[in-house]
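**Q** So that we are looking at the same thing, I have put the structure below in structure tokens.
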Amino acid sequence: MGRRKIGSTPVELTELGFGASVIGNLYKVTPVHDAHAAIEAAWDAGVRYFDTAPHYGLGLSERRLGAALRDRPRDEYVISSKVGRLLVPNEHPTGVDDQGFVVRDDLRRQWDFSRDGVLRSLEATLERTGLDRIDVVYLHDPDDHWQQAADEAMPALADLRDQGVIGAIGAGMNQSAMLARFLRETAADVVMLAGRYTLLDQSALDDVLPAAQAHGKSVVAVGVFNSGLLSKDRPAEGMKYDYQEAPPALVNRARAIAEVCAAHGTTLPAAAVAFPFSHPAVVNVTLGMRTAEQVGRNAELHRQHIPDGLWDDLRSRGLIRTDVPSADEPGRRRPCL
């Protein structure tokens, strides 16, 4: 599987990444053997980038991922986690987490983008994973905490990076505007962009993608299926878009894109996985993978050849923005082989 380097750092990511939120029991229980089998299948498929966070299952995702990777050669894979939500004892547990994960709520999340909070969070992550280091660290959803995140958390991460403790630093969010600020105004090397550069939403072309390109920094794309609407060959009513039921107009647009994909000999999900790489700043697409079967499907989607003419056709039909980079534009990098 091809690899791409994060900005000016030494960190290289495989083009496809393993998103470990779902093995933290996101929305439903994932049996431990399924989680382990999914990680094993990802490794066998050539995936060497794994992303997790304390938020995912109140630490369950980190524990499971660390256990599955602990005996692998440490220099052969890259793992990222996040800071900004400390896990602290829950004084008033109800028995189950209220933020989408099917786990006990003996712990709760506490926002903290202070320097001390960053260091405490990383120490706890290392303890949960049992690993010797975390390669990439993101600030996790600092939407309401710009000042502290920019003034305290990012400099703390930069110090650790400059000391060689971690390899690359950045932020991960569902919006692109603030991520662009992190790229322009802070020491961030990379941002994790959720859902804002997809076949249905190219708003990142207005801010984060040109900022990354101008400053020699990188973007990891997640949420490329926009919560499900782009995940099937034939989109249907009732499918989700950005965590809510997709409006009819978007379903119709997704169907139109699917028809153009079929005409070019490919599928909507395969095009959705390939699309972010149309921009030269994007170095990786990370997908949530709950089972070995999902890993196999995602790896196959990534392997599929997508003709460059598909993007031209979608542009000409007004189904994607006209400023989506073309294959022959200077500076555009083709996927590594």
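Residues are referred to by chain and number: the chain letter is A, B, ... according to the order shown in the structure tokens, the number counts from 1 in that chain, and ligands are numbered separately from 1 in the order shown.
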Using only C-alpha atoms, which protein or nucleic acid residues come within 8 Å of stretch 293-302 of chain A? Drop anything in the same chain fewer than 6 positions from it, and give the result as a short mmCIF file (atom, residue, chain, number, x, y, z; two decimals) with all heavy atoms, in the first residue's frame.

**A**
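Below is the file selection36.cif, written as the result:
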```cif
data_model
loop_
_atom_site.label_atom_id
_atom_site.label_comp_id
_atom_site.auth_asym_id
_atom_site.auth_seq_id
_atom_site.Cartn_x
_atom_site.Cartn_y
_atom_site.Cartn_z
N LEU A 16 -4.47 4.38 3.29
CA LEU A 16 -5.68 3.98 4.00
C LEU A 16 -5.36 3.82 5.48
O LEU A 16 -4.37 3.19 5.85
CB LEU A 16 -6.22 2.66 3.43
CG LEU A 16 -7.58 2.19 3.97
CD1 LEU A 16 -8.68 3.18 3.61
CD2 LEU A 16 -7.91 0.80 3.42
N ALA A 38 -10.54 -7.37 13.26
CA ALA A 38 -10.52 -6.23 12.34
C ALA A 38 -9.11 -5.63 12.24
O ALA A 38 -8.63 -5.31 11.14
CB ALA A 38 -11.51 -5.16 12.80
N ALA A 41 -6.94 -8.01 10.29
CA ALA A 41 -7.25 -7.94 8.85
C ALA A 41 -6.66 -6.67 8.24
O ALA A 41 -6.17 -6.69 7.10
CB ALA A 41 -8.76 -7.99 8.64
N ALA A 42 -6.72 -5.56 8.99
CA ALA A 42 -6.14 -4.32 8.48
C ALA A 42 -4.64 -4.48 8.28
O ALA A 42 -4.08 -4.05 7.25
CB ALA A 42 -6.44 -3.17 9.44
N ALA A 45 -3.92 -6.41 5.26
CA ALA A 45 -4.22 -5.66 4.04
C ALA A 45 -3.19 -4.58 3.75
O ALA A 45 -3.28 -3.90 2.72
CB ALA A 45 -5.61 -5.03 4.15
N PRO A 269 -19.14 4.23 -3.55
CA PRO A 269 -18.23 4.13 -2.40
C PRO A 269 -16.75 4.17 -2.78
O PRO A 269 -15.94 4.80 -2.08
CB PRO A 269 -18.61 2.80 -1.75
CG PRO A 269 -19.99 2.52 -2.22
CD PRO A 269 -20.07 3.09 -3.59
N ALA A 270 -16.39 3.52 -3.88
CA ALA A 270 -14.99 3.54 -4.31
C ALA A 270 -14.58 4.96 -4.69
O ALA A 270 -13.47 5.41 -4.36
CB ALA A 270 -14.78 2.59 -5.48
N VAL A 273 -14.00 7.08 -1.53
CA VAL A 273 -12.71 6.83 -0.88
C VAL A 273 -11.57 7.49 -1.66
O VAL A 273 -10.62 8.03 -1.08
CB VAL A 273 -12.46 5.32 -0.73
CG1 VAL A 273 -11.04 5.03 -0.23
CG2 VAL A 273 -13.48 4.71 0.23
N ALA A 274 -11.67 7.48 -2.98
CA ALA A 274 -10.60 8.03 -3.81
C ALA A 274 -10.65 9.55 -3.92
O ALA A 274 -9.61 10.19 -4.09
CB ALA A 274 -10.69 7.43 -5.22
N LEU A 287 -10.87 5.30 7.60
CA LEU A 287 -12.25 4.81 7.66
C LEU A 287 -12.46 4.02 8.95
O LEU A 287 -11.58 3.26 9.37
CB LEU A 287 -12.54 3.90 6.46
CG LEU A 287 -12.30 4.49 5.07
CD1 LEU A 287 -12.52 3.41 4.01
CD2 LEU A 287 -13.22 5.68 4.81
#
```

**Q** Check stretch 7-164 of chain A with DSSP on the backbone and list each residue it calls alpha helix (DSSP H), as an mmCIF file with N, CA and C atoms, in the first residue's frame.

**A**
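What follows is the written file states-v8.cif:
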```
data_model
loop_
_atom_site.group_PDB
_atom_site.id
_atom_site.type_symbol
_atom_site.label_atom_id
_atom_site.label_comp_id
_atom_site.auth_asym_id
_atom_site.auth_seq_id
_atom_site.Cartn_x
_atom_site.Cartn_y
_atom_site.Cartn_z
ATOM 1 N N VAL A 32 -14.882 -8.181 21.594
ATOM 2 C CA VAL A 32 -13.440 -7.998 21.571
ATOM 3 C C VAL A 32 -12.796 -8.824 20.468
ATOM 4 N N HIS A 33 -13.339 -10.019 20.188
ATOM 5 C CA HIS A 33 -12.722 -10.842 19.129
ATOM 6 C C HIS A 33 -12.945 -10.224 17.760
ATOM 7 N N ASP A 34 -14.079 -9.518 17.565
ATOM 8 C CA ASP A 34 -14.305 -8.828 16.299
ATOM 9 C C ASP A 34 -13.340 -7.660 16.142
ATOM 10 N N ALA A 35 -13.138 -6.924 17.227
ATOM 11 C CA ALA A 35 -12.209 -5.795 17.179
ATOM 12 C C ALA A 35 -10.798 -6.272 16.849
ATOM 13 N N HIS A 36 -10.374 -7.346 17.522
ATOM 14 C CA HIS A 36 -9.031 -7.868 17.278
ATOM 15 C C HIS A 36 -8.905 -8.386 15.847
ATOM 16 N N ALA A 37 -9.940 -9.065 15.366
ATOM 17 C CA ALA A 37 -9.908 -9.598 14.004
ATOM 18 C C ALA A 37 -9.853 -8.471 12.975
ATOM 19 N N ALA A 38 -10.537 -7.365 13.256
ATOM 20 C CA ALA A 38 -10.518 -6.226 12.338
ATOM 21 C C ALA A 38 -9.113 -5.635 12.242
ATOM 22 N N ILE A 39 -8.445 -5.496 13.379
ATOM 23 C CA ILE A 39 -7.087 -4.946 13.375
ATOM 24 C C ILE A 39 -6.132 -5.903 12.665
ATOM 25 N N GLU A 40 -6.295 -7.203 12.908
ATOM 26 C CA GLU A 40 -5.474 -8.199 12.221
ATOM 27 C C GLU A 40 -5.689 -8.125 10.713
ATOM 28 N N ALA A 41 -6.943 -8.009 10.285
ATOM 29 C CA ALA A 41 -7.246 -7.939 8.854
ATOM 30 C C ALA A 41 -6.663 -6.671 8.237
ATOM 31 N N ALA A 42 -6.716 -5.561 8.987
ATOM 32 C CA ALA A 42 -6.141 -4.320 8.477
ATOM 33 C C ALA A 42 -4.639 -4.475 8.275
ATOM 34 N N TRP A 43 -3.981 -5.094 9.243
ATOM 35 C CA TRP A 43 -2.542 -5.321 9.116
ATOM 36 C C TRP A 43 -2.245 -6.184 7.885
ATOM 37 N N ASP A 44 -3.005 -7.244 7.718
ATOM 38 C CA ASP A 44 -2.791 -8.139 6.576
ATOM 39 C C ASP A 44 -3.044 -7.435 5.249
ATOM 40 N N LEU A 60 -11.799 2.667 25.883
ATOM 41 C CA LEU A 60 -11.862 1.282 25.402
ATOM 42 C C LEU A 60 -11.143 1.116 24.068
ATOM 43 N N SER A 61 -11.334 2.055 23.152
ATOM 44 C CA SER A 61 -10.674 1.969 21.850
ATOM 45 C C SER A 61 -9.161 1.953 22.006
ATOM 46 N N GLU A 62 -8.628 2.826 22.842
ATOM 47 C CA GLU A 62 -7.174 2.859 23.052
ATOM 48 C C GLU A 62 -6.678 1.542 23.631
ATOM 49 N N ARG A 63 -7.400 1.002 24.591
ATOM 50 C CA ARG A 63 -6.955 -0.258 25.212
ATOM 51 C C ARG A 63 -6.962 -1.392 24.188
ATOM 52 N N ARG A 64 -8.018 -1.481 23.411
ATOM 53 C CA ARG A 64 -8.100 -2.561 22.423
ATOM 54 C C ARG A 64 -7.050 -2.413 21.331
ATOM 55 N N LEU A 65 -6.862 -1.209 20.856
ATOM 56 C CA LEU A 65 -5.881 -1.009 19.792
ATOM 57 C C LEU A 65 -4.479 -1.299 20.298
ATOM 58 N N GLY A 66 -4.167 -0.815 21.478
ATOM 59 C CA GLY A 66 -2.847 -1.081 22.038
ATOM 60 C C GLY A 66 -2.583 -2.557 22.232
ATOM 61 N N ALA A 67 -3.586 -3.287 22.718
ATOM 62 C CA ALA A 67 -3.415 -4.724 22.950
ATOM 63 C C ALA A 67 -3.152 -5.467 21.645
ATOM 64 N N ALA A 68 -3.826 -5.045 20.571
ATOM 65 C CA ALA A 68 -3.676 -5.734 19.292
ATOM 66 C C ALA A 68 -2.357 -5.405 18.595
ATOM 67 N N LEU A 69 -1.809 -4.215 18.871
ATOM 68 C CA LEU A 69 -0.588 -3.797 18.181
ATOM 69 C C LEU A 69 0.677 -4.012 19.001
ATOM 70 N N ARG A 115 -1.625 23.134 29.042
ATOM 71 C CA ARG A 115 -0.390 22.362 28.885
ATOM 72 C C ARG A 115 -0.403 21.145 29.803
ATOM 73 N N ASP A 116 -0.811 21.344 31.049
ATOM 74 C CA ASP A 116 -0.869 20.233 31.992
ATOM 75 C C ASP A 116 -1.871 19.187 31.534
ATOM 76 N N GLY A 117 -3.009 19.640 31.003
ATOM 77 C CA GLY A 117 -4.012 18.694 30.515
ATOM 78 C C GLY A 117 -3.497 17.856 29.366
ATOM 79 N N VAL A 118 -2.751 18.477 28.466
ATOM 80 C CA VAL A 118 -2.156 17.746 27.338
ATOM 81 C C VAL A 118 -1.205 16.668 27.848
ATOM 82 N N LEU A 119 -0.328 17.030 28.770
ATOM 83 C CA LEU A 119 0.655 16.071 29.276
ATOM 84 C C LEU A 119 -0.018 14.940 30.043
ATOM 85 N N ARG A 120 -1.023 15.274 30.848
ATOM 86 C CA ARG A 120 -1.748 14.238 31.589
ATOM 87 C C ARG A 120 -2.492 13.302 30.633
ATOM 88 N N SER A 121 -3.090 13.866 29.596
ATOM 89 C CA SER A 121 -3.836 13.056 28.641
ATOM 90 C C SER A 121 -2.921 12.086 27.908
ATOM 91 N N LEU A 122 -1.763 12.578 27.465
ATOM 92 C CA LEU A 122 -0.826 11.702 26.755
ATOM 93 C C LEU A 122 -0.288 10.600 27.662
ATOM 94 N N GLU A 123 0.004 10.939 28.903
ATOM 95 C CA GLU A 123 0.474 9.930 29.855
ATOM 96 C C GLU A 123 -0.573 8.839 30.047
ATOM 97 N N ALA A 124 -1.844 9.243 30.149
ATOM 98 C CA ALA A 124 -2.913 8.262 30.318
ATOM 99 C C ALA A 124 -3.092 7.413 29.072
ATOM 100 N N THR A 125 -2.946 8.015 27.904
ATOM 101 C CA THR A 125 -3.047 7.260 26.655
ATOM 102 C C THR A 125 -1.953 6.207 26.559
ATOM 103 N N LEU A 126 -0.735 6.573 26.914
ATOM 104 C CA LEU A 126 0.367 5.601 26.889
ATOM 105 C C LEU A 126 0.091 4.451 27.862
ATOM 106 N N GLU A 127 -0.480 4.765 28.998
ATOM 107 C CA GLU A 127 -0.795 3.717 29.967
ATOM 108 C C GLU A 127 -1.884 2.797 29.433
ATOM 109 N N ARG A 128 -2.928 3.374 28.818
ATOM 110 C CA ARG A 128 -4.020 2.532 28.306
ATOM 111 C C ARG A 128 -3.564 1.667 27.140
ATOM 112 N N THR A 129 -2.774 2.235 26.227
ATOM 113 C CA THR A 129 -2.343 1.464 25.059
ATOM 114 C C THR A 129 -1.211 0.502 25.393
ATOM 115 N N TRP A 146 -10.685 27.696 21.179
ATOM 116 C CA TRP A 146 -9.595 28.131 20.309
ATOM 117 C C TRP A 146 -8.424 28.720 21.086
ATOM 118 N N GLN A 147 -8.695 29.671 21.978
ATOM 119 C CA GLN A 147 -7.615 30.413 22.608
ATOM 120 C C GLN A 147 -6.694 29.510 23.405
ATOM 121 N N GLN A 148 -7.272 28.669 24.263
ATOM 122 C CA GLN A 148 -6.430 27.789 25.067
ATOM 123 C C GLN A 148 -5.742 26.740 24.199
ATOM 124 N N MET A 154 -1.279 23.578 21.698
ATOM 125 C CA MET A 154 -0.425 23.389 20.532
ATOM 126 C C MET A 154 1.048 23.648 20.840
ATOM 127 N N PRO A 155 1.403 24.696 21.591
ATOM 128 C CA PRO A 155 2.817 24.842 21.958
ATOM 129 C C PRO A 155 3.344 23.673 22.796
ATOM 130 N N ALA A 156 2.504 23.105 23.658
ATOM 131 C CA ALA A 156 2.942 21.940 24.442
ATOM 132 C C ALA A 156 3.257 20.772 23.516
ATOM 133 N N LEU A 157 2.384 20.553 22.523
ATOM 134 C CA LEU A 157 2.643 19.477 21.564
ATOM 135 C C LEU A 157 3.879 19.777 20.725
ATOM 136 N N ALA A 158 4.054 21.045 20.355
ATOM 137 C CA ALA A 158 5.223 21.411 19.557
ATOM 138 C C ALA A 158 6.516 21.134 20.316
ATOM 139 N N ASP A 159 6.519 21.410 21.617
ATOM 140 C CA ASP A 159 7.697 21.107 22.429
ATOM 141 C C ASP A 159 8.006 19.611 22.411
ATOM 142 N N LEU A 160 6.963 18.793 22.554
ATOM 143 C CA LEU A 160 7.162 17.343 22.539
ATOM 144 C C LEU A 160 7.647 16.870 21.174
ATOM 145 N N ARG A 161 7.106 17.455 20.122
ATOM 146 C CA ARG A 161 7.575 17.101 18.778
ATOM 147 C C ARG A 161 9.039 17.493 18.592
ATOM 148 N N ASP A 162 9.384 18.700 19.027
ATOM 149 C CA ASP A 162 10.753 19.176 18.839
ATOM 150 C C ASP A 162 11.751 18.365 19.659
#
```

**Q** Name the residues in contact with A:Thr14 at a cut-off of 8 Å, using only C-alpha atoms, excluding same-chain residues fewer than 2 positions from it; report them as a list of chain:residue names.

**A**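 That gives A:Met1, A:Gly2, A:Arg3, A:Arg4, A:Glu12, A:Leu16, A:Gly17, A:Gly46, A:Val47, A:Arg48, A:Tyr49, A:Asn284.
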
**Q** Using only C-alpha atoms, which of the listed residues (A:Gly100, A:Pro280, A:Gly265, A:Gly195) sits closest to A:Ser218?

**A**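 Under the stated criterion, the closest residue is A:Pro280.
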
**Q** Tell me, as a PyMOL selection string, which residues lie within 9 Å of stretch 50-58 of chain A, counting only C-alpha atoms; anything in the same chain fewer than 4 positions away does not count.

**A** chain A and resi 17-26+39+62+65+77-83+85-87+97+99-109+121+124-125+136+140+286

**Q** For atom CA of A:Ala187 and atom CA of A:His215, quote the distance in Å rounded to one decimal.

**A**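 A separation of 10.6 Å between them.
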
**Q** Just the number, please: distance in Å from atom CA of A:Leu250 to atom CA of A:Tyr27, one decimal.

**A**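 Atom CA of A:Tyr27 lies at a distance of 24.2 Å from atom CA of A:Leu250.
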
**Q** As a ChimeraX atom specification, list the residues of stretch 3-245 of chain A assigned to strand (DSSP E or B) by DSSP on the backbone atoms of this structure.

**A** /A:3-5,12-14,16-19,26,49-51,78-83,85-89,101,107-111,136-140,168-173,190-194,218-222,240-241,244-245

**Q** Nearest residue to A:Phe277 out of A:Ala150, A:Ala221, A:Val96, A:Ala168, using only C-alpha atoms?

**A**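 Using only C-alpha atoms, the shortest distance to A:Phe277 belongs to A:Ala221.
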
**Q** Any idea what the distance is between atom CA of A:Ala211 and atom CA of A:His279?

**A** 12.2 Å
